Amino acid sequence: MAGKKIAPKAKRSKKQHTPDYYPVQRTIPLGVTVPNGGQLTGTMSADAGRLLSNVNRRLYRYGNLYQIKLDLDNISQAVGTAFDVEVFALRSNWDVQRAYALAKKVYDEAYADELKSTGSANLARWRDFRVANGVTGALDVFPVKNDSASLAADVDNDGEFTLSAVDDAGTEKFFTWGNAGGSSIDITNEWTQAGRTDTDPGTISSSAPYAGVNSDDMSDIEQQNLGNDGNNPPYNQQAATDQLYRVATMRYEPGPTGMQRLSTGYFDAPCGLFVIKVTSGVNLGNGTISMTVKAGDYKGVHAKSMCQ
């Protein structure tokens, strides 16, 4: 009996250089530049999109809701005393999303005429709408990299991440999450002015027909209450301009009875923005704190666009 011929296996159709995974570095050790002492100390800030762009050599947009976490690493070698690291981020609420979306809309409208008159060859390839963190005195933190031969640590502060600006009556002004100034526009305050909630209804009727005839019938008190109880919103009519909140406090305390919290766990970070505040007087070496972005389908990480 003749043996059956075995059909050859189908060849994989994809190109040889294409991997079975999306290549992305999601965990990034953080550091500051040598002119700032090469130490993580005081108040510092960064955004996930910028850090991801640095290490992965592709643009990760600023205007995304990223899910990130911060961790402490190698702390026993960094300092021999207890310390805290407070972590702050923008609230993931309606006011933050609308403040960003309104600022982006104004920015796009401001450049509409210039875009029509400019040839596509003259447009910056990596234009992105970016807003200043607004935190007074905050140092920028960057990804830490290691020399391939000596393993010596350094920071990667390459790349262009220009803050977005518009012409305001002849003055160039930048967008910020902080307070407005001579050269900056407070996007949360602008949203407050645009998004004030009115009382509804504004005029309240206080009279009713057949008032007092029967306690179970129409009542002045009940009529007034229908328009008065709940005509103000269940929050401040003015949108809050202070939108940072403390996500968590990481703590290291040496000793057998010491208390520790070495990670924030994942949290929502609008615009990927986060702020770190290290206990006063404590200097942590570069790489002592790292950021990790949750995996997802936006270039390998979890990120949702804050506006279309």
# chains A, B, ... in the order shown; residues from 1 in each chain; ligands from 1
$ residues_around --residues "Val131 (chain A)" --least-positions-apart "5" --cutoff "9 Å" --atoms "only C-alpha atoms" --output "list in words"
Tyr62, Tyr100, Leu163, Ser164, Ala165, Phe174, Phe175, Thr176, Trp177, Ile187 and Cys271 of chain A
$ write_last_selection --atoms "N, CA and C atoms" --output "compact mmCIF listing (two decimals), in the first residue's frame"
# COMPACT_ATOMS: atom_id res chain seq x y z
N TYR A 62 0.05 63.81 23.47
CA TYR A 62 -0.16 64.36 24.81
C TYR A 62 -1.61 64.22 25.25
N TYR A 100 -9.48 70.68 28.46
CA TYR A 100 -8.51 70.33 27.43
C TYR A 100 -9.14 70.40 26.04
N LEU A 163 5.75 73.61 23.95
CA LEU A 163 4.42 73.95 24.43
C LEU A 163 3.65 74.69 23.35
N SER A 164 2.37 74.42 23.23
CA SER A 164 1.55 75.03 22.19
C SER A 164 1.22 76.47 22.54
N ALA A 165 1.19 77.33 21.52
CA ALA A 165 0.96 78.76 21.75
C ALA A 165 0.10 79.33 20.63
N PHE A 174 1.06 80.84 25.77
CA PHE A 174 1.08 79.39 25.87
C PHE A 174 -0.07 78.91 26.75
N PHE A 175 -0.47 77.67 26.53
CA PHE A 175 -1.55 77.07 27.33
C PHE A 175 -0.95 76.41 28.57
N THR A 176 -1.65 76.52 29.72
CA THR A 176 -1.15 75.95 30.95
C THR A 176 -2.29 75.42 31.81
N TRP A 177 -1.96 74.40 32.63
CA TRP A 177 -2.90 73.91 33.64
C TRP A 177 -2.83 74.77 34.90
N ILE A 187 -6.14 77.16 31.06
CA ILE A 187 -7.22 76.51 30.32
C ILE A 187 -8.38 76.10 31.23
N CYS A 271 -3.88 63.37 30.05
CA CYS A 271 -2.70 63.95 29.41
C CYS A 271 -1.41 63.29 29.88
$ residues_around --residues "Asn56 (chain A)" --least-positions-apart "3" --cutoff "8 Å" --atoms "only C-alpha atoms" --output "PyMOL selection string"
chain A and resi 24-25+52-53
$ write_last_selection --atoms "N, CA and C atoms" --output "JSON list (two decimals), in the first residue's frame"
[["chain", "number", "residue", "atom", "x", "y", "z"],
["A", 24, "VAL", "N", 7.45, 47.66, 22.50],
["A", 24, "VAL", "CA", 7.26, 48.91, 23.24],
["A", 24, "VAL", "C", 7.84, 48.75, 24.64],
["A", 25, "GLN", "N", 8.59, 49.74, 25.08],
["A", 25, "GLN", "CA", 9.08, 49.77, 26.46],
["A", 25, "GLN", "C", 8.08, 50.55, 27.29],
["A", 52, "LEU", "N", 7.28, 58.09, 26.89],
["A", 52, "LEU", "CA", 7.14, 56.99, 25.94],
["A", 52, "LEU", "C", 7.74, 57.34, 24.58],
["A", 53, "SER", "N", 7.56, 58.59, 24.16],
["A", 53, "SER", "CA", 8.12, 59.03, 22.88],
["A", 53, "SER", "C", 9.64, 58.95, 22.91]]
$ closest_residue --among "A:Pro23, A:Asp167, A:Val87, A:Gly285" --to "Glu109 (chain A)" --atoms "only C-alpha atoms"
A:Asp167
$ atom_distance --atom1 "CA of Met259 (chain A)" --atom2 "CA of Leu244 (chain A)"
26.2 Å
$ residues_around --residues "Asp168 (chain A)" --least-positions-apart "3" --cutoff "10 Å" --atoms "only C-alpha atoms" --output "short mmCIF file (atom, residue, chain, number, x, y, z; two decimals) with C-alpha atoms, in the first residue's frame"
data_model
loop_
_atom_site.label_atom_id
_atom_site.label_comp_id
_atom_site.auth_asym_id
_atom_site.auth_seq_id
_atom_site.Cartn_x
_atom_site.Cartn_y
_atom_site.Cartn_z
CA ALA A 110 -6.51 79.79 15.60
CA ALA A 165 0.96 78.76 21.75
CA THR A 171 1.18 88.49 22.15
CA GLU A 172 2.29 84.86 21.92
CA LYS A 173 0.63 82.98 24.77
CA PHE A 174 1.08 79.39 25.87
CA SER A 183 2.48 84.83 28.42
CA SER A 184 0.16 81.99 29.46
CA ILE A 185 -3.53 81.06 29.27
#
$ closest_atom_pairs --of "region 40-95 of chain A" --to "region 135-142 of chain A" --cutoff "6 Å" --atoms "only C-alpha atoms" --output "Markdown table"
| residue | atom | partner | partner_atom | distance |
| --- | --- | --- | --- | --- |
| A:Thr43 | CA | A:Ala138 | CA | 5.0 |
| A:Met44 | CA | A:Leu139 | CA | 4.4 |
| A:Ser45 | CA | A:Asp140 | CA | 5.3 |
| A:Ala46 | CA | A:Val141 | CA | 5.7 |
$ closest_residue --among "A:Gln193, A:Thr241, A:Thr292, A:Thr41" --to "Ile276 (chain A)" --atoms "only C-alpha atoms"
A:Thr41
$ closest_residue --among "A:Ala103, A:Leu151, A:Ala112, A:Ala248" --to "Thr192 (chain A)" --atoms "only C-alpha atoms"
A:Ala103
$ residues_around --residues "Val293 (chain A)" --least-positions-apart "2" --cutoff "8 Å" --atoms "only C-alpha atoms" --output "ChimeraX atom specification"
/A:26-27,48,66-69,291,295,301-302
$ closest_residue --among "A:Asp156, A:Asp84, A:Asp268, A:Asp297" --to "Tyr245 (chain A)" --atoms "only C-alpha atoms"
A:Asp268
$ residues_around --residues "Gly255 (chain A)" --least-positions-apart "4" --cutoff "10 Å" --atoms "only C-alpha atoms" --output "list in words"
Gly80, Thr81, Ala82 and Met259 of chain A
$ write_last_selection --atoms "C-alpha atoms" --output "PDB file, in the first residue's frame"
ATOM      1  CA  GLY A  80      19.098  55.307  54.947  1.00  0.00           C
ATOM      2  CA  THR A  81      16.218  57.299  56.407  1.00  0.00           C
ATOM      3  CA  ALA A  82      12.457  57.267  56.080  1.00  0.00           C
ATOM      4  CA  MET A 259       6.053  50.873  57.100  1.00  0.00           C
TER       5      MET A 259
END
$ closest_residue --among "A:Ile28, A:Ala169, A:Ala153, A:Val85" --to "Arg50 (chain A)" --atoms "only C-alpha atoms"
A:Ile28
$ closest_residue --among "A:Pro19, A:Gly287, A:Pro270, A:Pro29" --to "Arg91 (chain A)" --atoms "only C-alpha atoms"
A:Pro270
$ select_by_dssp --residues "region 88-304 of chain A" --states "strand (DSSP E or B)" --output "ChimeraX atom specification"
/A:88-90,132,139-140,142-146,153-155,165-168,171-176,181,184-186,244-252,261,263,267-270,273-278,284-285,289-293,295-298,301,303-304
$ decode --residues "region 263-277 of chain A" --atoms "N, CA and C atoms" --output "short mmCIF file (atom, residue, chain, number, x, y, z; two decimals), in the first residue's frame"
data_model
loop_
_atom_site.label_atom_id
_atom_site.label_comp_id
_atom_site.auth_asym_id
_atom_site.auth_seq_id
_atom_site.Cartn_x
_atom_site.Cartn_y
_atom_site.Cartn_z
N SER A 263 4.48 51.30 45.72
CA SER A 263 3.84 51.49 44.42
C SER A 263 2.53 52.23 44.58
N THR A 264 2.19 53.04 43.59
CA THR A 264 0.89 53.72 43.59
C THR A 264 -0.21 52.81 43.10
N GLY A 265 0.14 51.74 42.37
CA GLY A 265 -0.86 51.00 41.63
C GLY A 265 -1.28 51.83 40.42
N TYR A 266 -1.98 51.22 39.48
CA TYR A 266 -2.38 51.94 38.27
C TYR A 266 -3.45 52.97 38.58
N PHE A 267 -3.33 54.14 37.94
CA PHE A 267 -4.33 55.19 38.08
C PHE A 267 -4.49 55.92 36.75
N ASP A 268 -5.65 56.54 36.55
CA ASP A 268 -5.92 57.31 35.34
C ASP A 268 -5.13 58.61 35.40
N ALA A 269 -4.46 58.94 34.31
CA ALA A 269 -3.66 60.16 34.23
C ALA A 269 -4.03 60.93 32.97
N PRO A 270 -4.99 61.86 33.05
CA PRO A 270 -5.32 62.69 31.88
C PRO A 270 -4.07 63.41 31.37
N CYS A 271 -3.88 63.37 30.05
CA CYS A 271 -2.70 63.95 29.41
C CYS A 271 -1.41 63.29 29.88
N GLY A 272 -1.53 62.16 30.59
CA GLY A 272 -0.36 61.47 31.09
C GLY A 272 0.40 62.23 32.15
N LEU A 273 -0.15 63.36 32.61
CA LEU A 273 0.57 64.25 33.51
C LEU A 273 0.62 63.70 34.94
N PHE A 274 1.81 63.75 35.53
CA PHE A 274 1.94 63.40 36.95
C PHE A 274 3.00 64.28 37.58
N VAL A 275 2.87 64.49 38.88
CA VAL A 275 3.80 65.33 39.64
C VAL A 275 4.31 64.51 40.82
N ILE A 276 5.59 64.59 41.09
CA ILE A 276 6.23 63.87 42.19
C ILE A 276 6.78 64.89 43.19
N LYS A 277 6.54 64.67 44.47
CA LYS A 277 7.09 65.53 45.51
C LYS A 277 7.78 64.65 46.55
#
